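A.B. asks: I am attaching a structure below and will ask some questions about it afterwards.
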Amino acid sequence: MDDVIVLGAGPAGLALAAALCDAGLTVTGVAPGGPDTPWPNTYGIWEDELPSAELVAMLNYRWTDCVSYAGGQELRLERVYGFLDNARLQAHLLARCATMHWHAQPARTVEHGSQASTVTLGDGTMVSARVVVDASGHMPVFVQRPPLGDVAYQAAYGVVGTFTRPPVRAGRLVLMDYRADHLTAAERTQQPPTFLYAMDLSDGRHFVEETSLAHAPAVPFDLLRDRLHRRLAYYGTAVATVEHEEFCLFPMNMPVPYLDQPVLGYGGAASMVHPASGYQVGAALKYAPTVAQALKGALADPHATPHQIAAAGWGAIWPAARLRKHRLYLFGLQTLLTFDEARLQRFFAAFFQLPRRQWGGYLSNTLTMPEIIQAMTGLLLSAPMDVRRGLIGSAFQHPGMFVRAVSGLA
């Protein structure tokens, strides 16, 4: 019997599987399409979020000229951004998983005993291990969560290809372009705000993506596609050839799973998406060794139950301090959901003028709680009056969420 079963072979599942193998544990993998199924989405990340030089080497693009546009300003970000080379990162993680056996089957049911958990696969095969890790995504197979409220989704439609003229300056990455002159006044005030995420890929190729930071319900892809082409037309360009279309949709504010269940979640299944940015791959890569060591420590007790082993993993993913910060980030996201396009622009214009350590740490979830409070206080003092009113008013509009967010500040 193996130590761990890992369900899922996306970036989060493979990152943890690799770390478990590195820790000397025996691991079985379950992935319906097999572990080498190509990952469909692009993964951008700030270079300083990658936890090792080995992983920095997995970037196939790097941009030092990074800007955002909001509130009538071009905001220089002075931080290096990159794209992960999916094929290279996947191959790197799979090489570290060389001792694993994979089942290209869906997982159907799980049963827990005193010493092991048994997963039944789609073809009836039964596999057992001392603990199960569910890394199957935002709608996990086995991980249980509290009842869902209004789920806010980040949605994006993008194109990799060539254009009749460059949509962004050579060598530049545009993280957020909230300029909305291509929209009517009614669209700007009555429809969800969206922004352009775009970059020069060199060799005449570019990636452009119209993105909704978060909205409940999700902004439809048709609306995002229409806005993207209208934005491009407004700036005098159009898509010439399409190399790849990207459709991105994931929840930003899923509740943290129950932390006393005998299945451990990871990645989207553990609600590890950062509510301030929508990113999670960096966290999955960063935390995987810590979670693997926590599981190894629990597995050292031959009498430990699946509940006890999973509890060690949950404690490594969601220690008390991280949970407190997460509640604060969720409150911040809820506040932004109430902002219209104009107020959101003014918010981000003030946000990106904070010291880089503050805005960068907020987006990367690397600030301590006192540092978050310091950054939020600085933002409140520097922001325009209508943004201040929105930030303060959110506490009265969502008192329960506000109380939960500030309850752990002491």
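Chains: A, B, ... in order of the structure tokens. Residues: from 1 per chain. Ligands: from 1, in order shown.
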I'd like the neighbourhood of Met100 of chain A as a list in words, where a residue qualifies if any of its atoms comes within 8 Å (using only C-alpha atoms), though same-chain residues fewer than 6 positions away should be ignored.

C.D. replies: Cys21, Thr26, Val27, Thr28 and Gly29 of chain A

A.B. asks: With all heavy atoms retained, export the selected residues as an mmCIF file, in the first residue's frame.

C.D. replies:
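File written: result-v8.cif
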```cif
data_model
loop_
_atom_site.group_PDB
_atom_site.id
_atom_site.type_symbol
_atom_site.label_atom_id
_atom_site.label_comp_id
_atom_site.auth_asym_id
_atom_site.auth_seq_id
_atom_site.Cartn_x
_atom_site.Cartn_y
_atom_site.Cartn_z
ATOM 1 N N CYS A 21 7.319 12.770 -3.836
ATOM 2 C CA CYS A 21 8.355 11.827 -4.290
ATOM 3 C C CYS A 21 9.734 12.274 -3.821
ATOM 4 O O CYS A 21 10.556 11.447 -3.398
ATOM 5 C CB CYS A 21 8.313 11.697 -5.810
ATOM 6 S SG CYS A 21 6.841 10.864 -6.454
ATOM 7 N N THR A 26 5.902 7.019 -1.126
ATOM 8 C CA THR A 26 5.379 6.258 -2.256
ATOM 9 C C THR A 26 4.023 6.845 -2.641
ATOM 10 O O THR A 26 3.157 7.043 -1.787
ATOM 11 C CB THR A 26 5.242 4.768 -1.906
ATOM 12 O OG1 THR A 26 4.397 4.619 -0.762
ATOM 13 C CG2 THR A 26 6.602 4.160 -1.630
ATOM 14 N N VAL A 27 3.847 7.098 -3.940
ATOM 15 C CA VAL A 27 2.701 7.874 -4.406
ATOM 16 C C VAL A 27 2.084 7.204 -5.625
ATOM 17 O O VAL A 27 2.795 6.766 -6.535
ATOM 18 C CB VAL A 27 3.114 9.318 -4.769
ATOM 19 C CG1 VAL A 27 1.880 10.170 -5.069
ATOM 20 C CG2 VAL A 27 3.948 9.953 -3.661
ATOM 21 N N THR A 28 0.763 7.138 -5.655
ATOM 22 C CA THR A 28 0.007 6.719 -6.823
ATOM 23 C C THR A 28 -0.738 7.929 -7.375
ATOM 24 O O THR A 28 -1.297 8.717 -6.597
ATOM 25 C CB THR A 28 -1.011 5.617 -6.468
ATOM 26 O OG1 THR A 28 -0.310 4.418 -6.146
ATOM 27 C CG2 THR A 28 -1.956 5.334 -7.634
ATOM 28 N N GLY A 29 -0.756 8.075 -8.684
ATOM 29 C CA GLY A 29 -1.455 9.183 -9.308
ATOM 30 C C GLY A 29 -2.699 8.721 -10.047
ATOM 31 O O GLY A 29 -2.729 7.627 -10.618
#
```

A.B. asks: Just want the 6 Å neighbourhood of segment 332-344 of chain A, counted on only C-alpha atoms, with same-chain residues fewer than 3 positions away dropped. Output as number ranges by chain.

C.D. replies: A: 188, 193, 329, 347, 394

A.B. asks: Produce a file of the selected residues containing all heavy atoms, as a PDB file, in the first residue's frame.

C.D. replies:
```
ATOM      1  N   ARG A 188     -19.955  51.681 -19.653  1.00  0.00           N
ATOM      2  CA  ARG A 188     -19.004  51.922 -18.574  1.00  0.00           C
ATOM      3  C   ARG A 188     -19.684  51.964 -17.213  1.00  0.00           C
ATOM      4  O   ARG A 188     -19.067  51.625 -16.201  1.00  0.00           O
ATOM      5  CB  ARG A 188     -18.239  53.217 -18.822  1.00  0.00           C
ATOM      6  CG  ARG A 188     -17.286  53.143 -20.003  1.00  0.00           C
ATOM      7  CD  ARG A 188     -16.273  54.282 -19.971  1.00  0.00           C
ATOM      8  NE  ARG A 188     -16.893  55.595 -20.067  1.00  0.00           N
ATOM      9  CZ  ARG A 188     -17.129  56.228 -21.205  1.00  0.00           C
ATOM     10  NH1 ARG A 188     -16.806  55.663 -22.363  1.00  0.00           N
ATOM     11  NH2 ARG A 188     -17.678  57.417 -21.203  1.00  0.00           N
ATOM     12  N   PRO A 193     -16.887  46.091 -15.277  1.00  0.00           N
ATOM     13  CA  PRO A 193     -15.617  46.577 -15.819  1.00  0.00           C
ATOM     14  C   PRO A 193     -14.713  45.435 -16.248  1.00  0.00           C
ATOM     15  O   PRO A 193     -14.703  44.363 -15.632  1.00  0.00           O
ATOM     16  CB  PRO A 193     -15.008  47.368 -14.657  1.00  0.00           C
ATOM     17  CG  PRO A 193     -15.659  46.810 -13.435  1.00  0.00           C
ATOM     18  CD  PRO A 193     -17.021  46.351 -13.841  1.00  0.00           C
ATOM     19  N   TYR A 329      -8.398  39.320   2.624  1.00  0.00           N
ATOM     20  CA  TYR A 329      -8.368  39.422   1.168  1.00  0.00           C
ATOM     21  C   TYR A 329      -9.761  39.221   0.568  1.00  0.00           C
ATOM     22  O   TYR A 329     -10.135  39.886  -0.397  1.00  0.00           O
ATOM     23  CB  TYR A 329      -7.413  38.382   0.588  1.00  0.00           C
ATOM     24  CG  TYR A 329      -5.947  38.721   0.704  1.00  0.00           C
ATOM     25  CD1 TYR A 329      -5.047  37.837   1.309  1.00  0.00           C
ATOM     26  CD2 TYR A 329      -5.447  39.918   0.192  1.00  0.00           C
ATOM     27  CE1 TYR A 329      -3.700  38.140   1.390  1.00  0.00           C
ATOM     28  CE2 TYR A 329      -4.104  40.227   0.278  1.00  0.00           C
ATOM     29  CZ  TYR A 329      -3.230  39.340   0.888  1.00  0.00           C
ATOM     30  OH  TYR A 329      -1.897  39.646   0.974  1.00  0.00           O
ATOM     31  N   PHE A 347      -9.156  53.382  -7.991  1.00  0.00           N
ATOM     32  CA  PHE A 347      -8.593  52.505  -6.961  1.00  0.00           C
ATOM     33  C   PHE A 347      -7.240  51.968  -7.400  1.00  0.00           C
ATOM     34  O   PHE A 347      -6.257  52.034  -6.650  1.00  0.00           O
ATOM     35  CB  PHE A 347      -9.553  51.348  -6.667  1.00  0.00           C
ATOM     36  CG  PHE A 347      -8.932  50.267  -5.822  1.00  0.00           C
ATOM     37  CD1 PHE A 347      -8.906  50.375  -4.444  1.00  0.00           C
ATOM     38  CD2 PHE A 347      -8.343  49.146  -6.413  1.00  0.00           C
ATOM     39  CE1 PHE A 347      -8.310  49.384  -3.663  1.00  0.00           C
ATOM     40  CE2 PHE A 347      -7.748  48.161  -5.635  1.00  0.00           C
ATOM     41  CZ  PHE A 347      -7.731  48.285  -4.258  1.00  0.00           C
ATOM     42  N   SER A 394     -17.969  49.687   2.460  1.00  0.00           N
ATOM     43  CA  SER A 394     -18.094  48.238   2.317  1.00  0.00           C
ATOM     44  C   SER A 394     -18.220  47.549   3.672  1.00  0.00           C
ATOM     45  O   SER A 394     -18.894  46.521   3.788  1.00  0.00           O
ATOM     46  CB  SER A 394     -16.893  47.686   1.555  1.00  0.00           C
ATOM     47  OG  SER A 394     -17.022  46.310   1.338  1.00  0.00           O
TER      48      SER A 394
END
```

A.B. asks: Please report, as a short mmCIF file (atom, residue, chain, number, x, y, z; two decimals) with C-alpha atoms, in the first residue's frame, each residue of segment 87-269 of chain A to which DSSP assigns strand (DSSP E) when run on this structure's backbone.

C.D. replies:
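The result, stored in result.cif:
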```cif
data_model
loop_
_atom_site.label_atom_id
_atom_site.label_comp_id
_atom_site.auth_asym_id
_atom_site.auth_seq_id
_atom_site.Cartn_x
_atom_site.Cartn_y
_atom_site.Cartn_z
CA HIS A 101 2.31 4.68 -11.12
CA TRP A 102 -0.50 6.58 -12.81
CA HIS A 103 -4.07 5.47 -13.50
CA ALA A 107 -11.98 8.66 -9.42
CA ARG A 108 -15.53 7.68 -8.47
CA THR A 109 -15.76 6.98 -4.75
CA VAL A 110 -13.59 6.99 -1.66
CA GLU A 111 -13.92 5.03 1.57
CA HIS A 112 -11.89 5.63 4.69
CA SER A 117 -8.38 5.20 2.30
CA THR A 118 -9.54 3.34 -0.80
CA VAL A 119 -10.46 5.04 -4.07
CA THR A 120 -12.59 3.25 -6.64
CA LEU A 121 -11.79 4.27 -10.23
CA MET A 126 -9.55 -0.01 -6.33
CA VAL A 127 -6.39 1.71 -5.11
CA SER A 128 -5.49 2.29 -1.48
CA ALA A 129 -3.12 4.56 0.38
CA ARG A 130 -2.81 5.99 3.84
CA VAL A 131 -4.12 9.37 2.67
CA VAL A 132 -5.77 10.83 -0.44
CA VAL A 133 -4.91 14.24 -1.89
CA ASP A 134 -7.57 15.76 -4.15
CA TYR A 153 -15.49 34.39 -11.22
CA GLN A 154 -12.48 35.73 -13.04
CA ALA A 155 -13.19 35.32 -16.74
CA ALA A 156 -11.02 36.08 -19.74
CA TYR A 157 -10.99 35.64 -23.49
CA GLY A 158 -7.66 35.91 -25.23
CA VAL A 159 -5.84 35.47 -28.53
CA VAL A 160 -2.25 34.57 -29.30
CA GLY A 161 -1.42 35.55 -32.85
CA THR A 162 -0.35 38.31 -35.20
CA PHE A 163 -1.99 41.69 -35.63
CA ARG A 172 6.26 45.41 -23.05
CA LEU A 173 3.79 43.65 -20.80
CA VAL A 174 0.53 45.40 -19.89
CA LEU A 175 -0.77 43.89 -16.68
CA MET A 176 -4.01 45.86 -16.53
CA ASP A 177 -5.33 48.39 -19.02
CA PHE A 195 -9.34 45.29 -18.60
CA LEU A 196 -6.77 44.35 -21.23
CA TYR A 197 -3.93 42.00 -20.29
CA ALA A 198 -1.42 42.03 -23.15
CA MET A 199 2.19 41.38 -24.04
CA ASP A 200 4.71 41.30 -26.83
CA LEU A 201 5.85 37.72 -27.49
CA SER A 202 8.48 38.83 -30.04
CA ARG A 205 3.43 37.67 -32.12
CA HIS A 206 1.36 39.06 -29.27
CA PHE A 207 -1.01 37.81 -26.61
CA VAL A 208 -4.03 39.97 -25.85
CA GLU A 209 -6.74 39.06 -23.37
CA GLU A 210 -9.85 40.89 -22.18
CA THR A 211 -10.31 40.08 -18.52
CA SER A 212 -12.94 40.51 -15.84
CA LEU A 213 -11.11 40.63 -12.51
CA ALA A 214 -14.10 39.18 -10.67
CA HIS A 215 -17.85 39.26 -11.09
CA VAL A 239 -6.26 40.24 -35.28
CA ALA A 240 -4.54 39.04 -38.47
CA THR A 241 -3.89 35.39 -37.62
CA VAL A 242 -4.96 33.28 -34.64
CA GLU A 243 -2.46 30.82 -33.19
CA HIS A 244 -4.42 30.06 -30.03
CA GLU A 245 -7.66 31.16 -28.37
CA GLU A 246 -7.78 31.14 -24.60
CA PHE A 247 -10.91 30.82 -22.48
CA CYS A 248 -10.26 31.26 -18.79
CA LEU A 249 -12.86 30.91 -16.02
CA PHE A 250 -12.30 30.19 -12.36
CA PRO A 251 -13.77 31.17 -8.99
CA VAL A 263 -9.19 13.94 2.19
CA LEU A 264 -6.58 16.66 1.73
CA GLY A 265 -7.16 19.23 -0.99
#
```

A.B. asks: Pick the closest to Gly72 of chain A from A:Ala238, A:Gln345, A:Thr377, A:Pro302: which is it, counting only C-alpha atoms?

C.D. replies: A:Gln345

A.B. asks: For Ser68 of chain A, which of A:Gly204, A:Arg230, A:Arg179, A:Ala53 is the closest residue, counting only C-alpha atoms?

C.D. replies: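 Closest to Ser68 of chain A, using only C-alpha atoms: A:Arg179.
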
A.B. asks: Work out how far apart atom CA of Ala185 of chain A and atom CA of Glu74 of chain A are and give it in Å to one decimal.

C.D. replies: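 Calculated distance between atom CA of Ala185 of chain A and atom CA of Glu74 of chain A is 22.0 Å.
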
A.B. asks: Which is closest to Ala300 of chain A among A:Gly10, A:Arg76, A:Ala18, A:Gly24, if we use only C-alpha atoms?

C.D. replies: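 The shortest atom-to-atom distance to Ala300 of chain A comes from A:Gly24.
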
A.B. asks: Just the residues within 10 Å of Val273 of chain A, please, counting only C-alpha atoms, with nothing from its chain fewer than 2 positions along; format it as a list in words.

C.D. replies: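 Everything that qualifies: His138, Phe250, Pro251, Met252, Asn253, Met254, Gly267, Gly268, Ala269, Ala270, Ser271, Pro275, Ala276, Ser277, Gly278, Tyr279, Gln280, Val281, Gly282, Ala283, Ala284 and His326 of chain A.
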
A.B. asks: Report the residues of segment 281-341 of chain A whose backbone DSSP state falls under helix (DSSP H, G or I), written as a PDB file with N, CA and C atoms, in the first residue's frame.

C.D. replies:
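Written out: out_38.pdb:
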```pdb
ATOM      1  N   VAL A 281      -0.737  29.268  -9.125  1.00  0.00           N
ATOM      2  CA  VAL A 281       0.336  28.350  -9.485  1.00  0.00           C
ATOM      3  C   VAL A 281       1.590  28.631  -8.667  1.00  0.00           C
ATOM      4  N   GLY A 282       1.911  29.899  -8.454  1.00  0.00           N
ATOM      5  CA  GLY A 282       3.074  30.233  -7.643  1.00  0.00           C
ATOM      6  C   GLY A 282       2.961  29.678  -6.236  1.00  0.00           C
ATOM      7  N   ALA A 283       1.773  29.813  -5.637  1.00  0.00           N
ATOM      8  CA  ALA A 283       1.563  29.273  -4.291  1.00  0.00           C
ATOM      9  C   ALA A 283       1.657  27.753  -4.292  1.00  0.00           C
ATOM     10  N   ALA A 284       1.107  27.111  -5.325  1.00  0.00           N
ATOM     11  CA  ALA A 284       1.168  25.650  -5.397  1.00  0.00           C
ATOM     12  C   ALA A 284       2.605  25.161  -5.473  1.00  0.00           C
ATOM     13  N   LEU A 285       3.442  25.850  -6.243  1.00  0.00           N
ATOM     14  CA  LEU A 285       4.849  25.477  -6.338  1.00  0.00           C
ATOM     15  C   LEU A 285       5.593  25.772  -5.034  1.00  0.00           C
ATOM     16  N   LYS A 286       5.250  26.887  -4.413  1.00  0.00           N
ATOM     17  CA  LYS A 286       5.951  27.319  -3.202  1.00  0.00           C
ATOM     18  C   LYS A 286       5.642  26.440  -2.004  1.00  0.00           C
ATOM     19  N   TYR A 287       4.362  26.106  -1.815  1.00  0.00           N
ATOM     20  CA  TYR A 287       3.963  25.403  -0.605  1.00  0.00           C
ATOM     21  C   TYR A 287       4.123  23.888  -0.703  1.00  0.00           C
ATOM     22  N   ALA A 288       4.317  23.344  -1.905  1.00  0.00           N
ATOM     23  CA  ALA A 288       4.349  21.889  -2.065  1.00  0.00           C
ATOM     24  C   ALA A 288       5.383  21.209  -1.168  1.00  0.00           C
ATOM     25  N   PRO A 289       6.624  21.679  -1.078  1.00  0.00           N
ATOM     26  CA  PRO A 289       7.586  20.991  -0.194  1.00  0.00           C
ATOM     27  C   PRO A 289       7.168  21.016   1.274  1.00  0.00           C
ATOM     28  N   THR A 290       6.575  22.140   1.719  1.00  0.00           N
ATOM     29  CA  THR A 290       6.143  22.241   3.115  1.00  0.00           C
ATOM     30  C   THR A 290       5.019  21.252   3.400  1.00  0.00           C
ATOM     31  N   VAL A 291       4.056  21.159   2.481  1.00  0.00           N
ATOM     32  CA  VAL A 291       2.945  20.224   2.666  1.00  0.00           C
ATOM     33  C   VAL A 291       3.461  18.781   2.625  1.00  0.00           C
ATOM     34  N   ALA A 292       4.384  18.504   1.712  1.00  0.00           N
ATOM     35  CA  ALA A 292       4.938  17.152   1.617  1.00  0.00           C
ATOM     36  C   ALA A 292       5.641  16.757   2.915  1.00  0.00           C
ATOM     37  N   GLN A 293       6.393  17.673   3.497  1.00  0.00           N
ATOM     38  CA  GLN A 293       7.084  17.357   4.751  1.00  0.00           C
ATOM     39  C   GLN A 293       6.097  17.165   5.899  1.00  0.00           C
ATOM     40  N   ALA A 294       5.001  17.941   5.890  1.00  0.00           N
ATOM     41  CA  ALA A 294       3.984  17.772   6.931  1.00  0.00           C
ATOM     42  C   ALA A 294       3.340  16.387   6.829  1.00  0.00           C
ATOM     43  N   LEU A 295       3.052  15.957   5.595  1.00  0.00           N
ATOM     44  CA  LEU A 295       2.478  14.633   5.403  1.00  0.00           C
ATOM     45  C   LEU A 295       3.485  13.542   5.787  1.00  0.00           C
ATOM     46  N   LYS A 296       4.734  13.735   5.424  1.00  0.00           N
ATOM     47  CA  LYS A 296       5.760  12.749   5.773  1.00  0.00           C
ATOM     48  C   LYS A 296       5.855  12.593   7.288  1.00  0.00           C
ATOM     49  N   GLY A 297       5.798  13.727   8.003  1.00  0.00           N
ATOM     50  CA  GLY A 297       5.866  13.657   9.455  1.00  0.00           C
ATOM     51  C   GLY A 297       4.693  12.898  10.044  1.00  0.00           C
ATOM     52  N   ALA A 298       3.492  13.138   9.507  1.00  0.00           N
ATOM     53  CA  ALA A 298       2.310  12.443  10.011  1.00  0.00           C
ATOM     54  C   ALA A 298       2.348  10.961   9.660  1.00  0.00           C
ATOM     55  N   LEU A 299       2.852  10.647   8.477  1.00  0.00           N
ATOM     56  CA  LEU A 299       2.917   9.253   8.038  1.00  0.00           C
ATOM     57  C   LEU A 299       3.942   8.446   8.834  1.00  0.00           C
ATOM     58  N   PRO A 306      -6.278   8.270   8.369  1.00  0.00           N
ATOM     59  CA  PRO A 306      -6.367   9.240   7.263  1.00  0.00           C
ATOM     60  C   PRO A 306      -6.758  10.635   7.745  1.00  0.00           C
ATOM     61  N   HIS A 307      -7.675  10.717   8.726  1.00  0.00           N
ATOM     62  CA  HIS A 307      -8.052  12.023   9.278  1.00  0.00           C
ATOM     63  C   HIS A 307      -6.831  12.744   9.850  1.00  0.00           C
ATOM     64  N   GLN A 308      -6.030  12.038  10.609  1.00  0.00           N
ATOM     65  CA  GLN A 308      -4.885  12.663  11.268  1.00  0.00           C
ATOM     66  C   GLN A 308      -3.822  13.083  10.251  1.00  0.00           C
ATOM     67  N   ILE A 309      -3.609  12.250   9.250  1.00  0.00           N
ATOM     68  CA  ILE A 309      -2.600  12.583   8.233  1.00  0.00           C
ATOM     69  C   ILE A 309      -3.062  13.778   7.418  1.00  0.00           C
ATOM     70  N   ALA A 310      -4.329  13.758   6.997  1.00  0.00           N
ATOM     71  CA  ALA A 310      -4.854  14.894   6.232  1.00  0.00           C
ATOM     72  C   ALA A 310      -4.813  16.167   7.057  1.00  0.00           C
ATOM     73  N   ALA A 311      -5.079  16.059   8.357  1.00  0.00           N
ATOM     74  CA  ALA A 311      -5.061  17.245   9.217  1.00  0.00           C
ATOM     75  C   ALA A 311      -3.691  17.918   9.208  1.00  0.00           C
ATOM     76  N   ALA A 312      -2.636  17.116   9.163  1.00  0.00           N
ATOM     77  CA  ALA A 312      -1.288  17.696   9.099  1.00  0.00           C
ATOM     78  C   ALA A 312      -1.103  18.485   7.809  1.00  0.00           C
ATOM     79  N   GLY A 313      -1.633  17.946   6.703  1.00  0.00           N
ATOM     80  CA  GLY A 313      -1.545  18.657   5.434  1.00  0.00           C
ATOM     81  C   GLY A 313      -2.373  19.933   5.422  1.00  0.00           C
ATOM     82  N   TRP A 314      -3.604  19.835   5.945  1.00  0.00           N
ATOM     83  CA  TRP A 314      -4.446  21.042   6.003  1.00  0.00           C
ATOM     84  C   TRP A 314      -3.769  22.129   6.842  1.00  0.00           C
ATOM     85  N   GLY A 315      -3.132  21.725   7.931  1.00  0.00           N
ATOM     86  CA  GLY A 315      -2.462  22.709   8.771  1.00  0.00           C
ATOM     87  C   GLY A 315      -1.306  23.399   8.072  1.00  0.00           C
ATOM     88  N   ALA A 316      -0.659  22.677   7.143  1.00  0.00           N
ATOM     89  CA  ALA A 316       0.443  23.278   6.384  1.00  0.00           C
ATOM     90  C   ALA A 316      -0.064  24.215   5.294  1.00  0.00           C
ATOM     91  N   ILE A 317      -1.219  23.888   4.700  1.00  0.00           N
ATOM     92  CA  ILE A 317      -1.783  24.754   3.661  1.00  0.00           C
ATOM     93  C   ILE A 317      -2.446  25.977   4.273  1.00  0.00           C
ATOM     94  N   ALA A 320      -3.137  29.174  10.832  1.00  0.00           N
ATOM     95  CA  ALA A 320      -4.049  30.206  11.336  1.00  0.00           C
ATOM     96  C   ALA A 320      -3.746  31.581  10.767  1.00  0.00           C
ATOM     97  N   ALA A 321      -2.472  31.941  10.679  1.00  0.00           N
ATOM     98  CA  ALA A 321      -2.130  33.279  10.179  1.00  0.00           C
ATOM     99  C   ALA A 321      -2.552  33.454   8.724  1.00  0.00           C
ATOM    100  N   ARG A 322      -2.394  32.398   7.913  1.00  0.00           N
ATOM    101  CA  ARG A 322      -2.780  32.503   6.502  1.00  0.00           C
ATOM    102  C   ARG A 322      -4.304  32.574   6.357  1.00  0.00           C
ATOM    103  N   LEU A 323      -5.005  31.852   7.209  1.00  0.00           N
ATOM    104  CA  LEU A 323      -6.464  31.925   7.187  1.00  0.00           C
ATOM    105  C   LEU A 323      -6.951  33.325   7.525  1.00  0.00           C
ATOM    106  N   ARG A 324      -6.331  33.955   8.507  1.00  0.00           N
ATOM    107  CA  ARG A 324      -6.738  35.323   8.875  1.00  0.00           C
ATOM    108  C   ARG A 324      -6.522  36.276   7.710  1.00  0.00           C
ATOM    109  N   LYS A 325      -5.375  36.149   7.062  1.00  0.00           N
ATOM    110  CA  LYS A 325      -5.114  37.016   5.901  1.00  0.00           C
ATOM    111  C   LYS A 325      -6.100  36.738   4.781  1.00  0.00           C
ATOM    112  N   HIS A 326      -6.429  35.470   4.574  1.00  0.00           N
ATOM    113  CA  HIS A 326      -7.348  35.104   3.503  1.00  0.00           C
ATOM    114  C   HIS A 326      -8.709  35.762   3.703  1.00  0.00           C
ATOM    115  N   ARG A 327      -9.190  35.796   4.938  1.00  0.00           N
ATOM    116  CA  ARG A 327     -10.469  36.449   5.210  1.00  0.00           C
ATOM    117  C   ARG A 327     -10.403  37.935   4.881  1.00  0.00           C
ATOM    118  N   LEU A 328      -9.273  38.551   5.167  1.00  0.00           N
ATOM    119  CA  LEU A 328      -9.113  39.965   4.851  1.00  0.00           C
ATOM    120  C   LEU A 328      -9.081  40.186   3.343  1.00  0.00           C
ATOM    121  N   TYR A 329      -8.398  39.320   2.624  1.00  0.00           N
ATOM    122  CA  TYR A 329      -8.368  39.422   1.168  1.00  0.00           C
ATOM    123  C   TYR A 329      -9.761  39.221   0.568  1.00  0.00           C
ATOM    124  N   LEU A 330     -10.541  38.301   1.120  1.00  0.00           N
ATOM    125  CA  LEU A 330     -11.889  38.080   0.619  1.00  0.00           C
ATOM    126  C   LEU A 330     -12.752  39.322   0.825  1.00  0.00           C
ATOM    127  N   PHE A 331     -12.575  39.980   1.957  1.00  0.00           N
ATOM    128  CA  PHE A 331     -13.307  41.226   2.190  1.00  0.00           C
ATOM    129  C   PHE A 331     -12.892  42.296   1.179  1.00  0.00           C
ATOM    130  N   GLY A 332     -11.590  42.375   0.893  1.00  0.00           N
ATOM    131  CA  GLY A 332     -11.127  43.331  -0.112  1.00  0.00           C
ATOM    132  C   GLY A 332     -11.710  43.051  -1.475  1.00  0.00           C
ATOM    133  N   LEU A 333     -11.779  41.769  -1.859  1.00  0.00           N
ATOM    134  CA  LEU A 333     -12.379  41.416  -3.141  1.00  0.00           C
ATOM    135  C   LEU A 333     -13.848  41.808  -3.176  1.00  0.00           C
ATOM    136  N   GLN A 334     -14.578  41.538  -2.101  1.00  0.00           N
ATOM    137  CA  GLN A 334     -15.989  41.893  -2.055  1.00  0.00           C
ATOM    138  C   GLN A 334     -16.172  43.397  -2.223  1.00  0.00           C
ATOM    139  N   THR A 335     -15.261  44.167  -1.669  1.00  0.00           N
ATOM    140  CA  THR A 335     -15.324  45.624  -1.813  1.00  0.00           C
ATOM    141  C   THR A 335     -15.171  46.027  -3.274  1.00  0.00           C
ATOM    142  N   LEU A 336     -14.198  45.440  -3.968  1.00  0.00           N
ATOM    143  CA  LEU A 336     -13.974  45.795  -5.374  1.00  0.00           C
ATOM    144  C   LEU A 336     -15.153  45.397  -6.252  1.00  0.00           C
ATOM    145  N   LEU A 337     -15.888  44.356  -5.865  1.00  0.00           N
ATOM    146  CA  LEU A 337     -17.042  43.939  -6.658  1.00  0.00           C
ATOM    147  C   LEU A 337     -18.130  45.009  -6.694  1.00  0.00           C
ATOM    148  N   GLU A 341     -16.663  51.019 -13.145  1.00  0.00           N
ATOM    149  CA  GLU A 341     -15.411  51.130 -13.909  1.00  0.00           C
ATOM    150  C   GLU A 341     -14.591  52.349 -13.497  1.00  0.00           C
TER     151      GLU A 341
END
```

A.B. asks: Work out how far atom CA of Glu78 of chain A is from atom CA of Glu54 of chain A, in Å to one decimal.

C.D. replies: 22.9 Å

A.B. asks: Neighbouring residues of Gly378 of chain A were defined as those with any atom within 10 Å, considering only C-alpha atoms; residues of the same chain fewer than 2 positions away were excluded. Please report them as a PyMOL selection string.

C.D. replies: chain A and resi 350-351+354-355+358+372-376+380-383

A.B. asks: Taking only C-alpha atoms into account, which of A:Asp203, A:Asp85, A:Glu371, A:Asp36 comes nearest Asn60 of chain A?

C.D. replies: A:Asp85
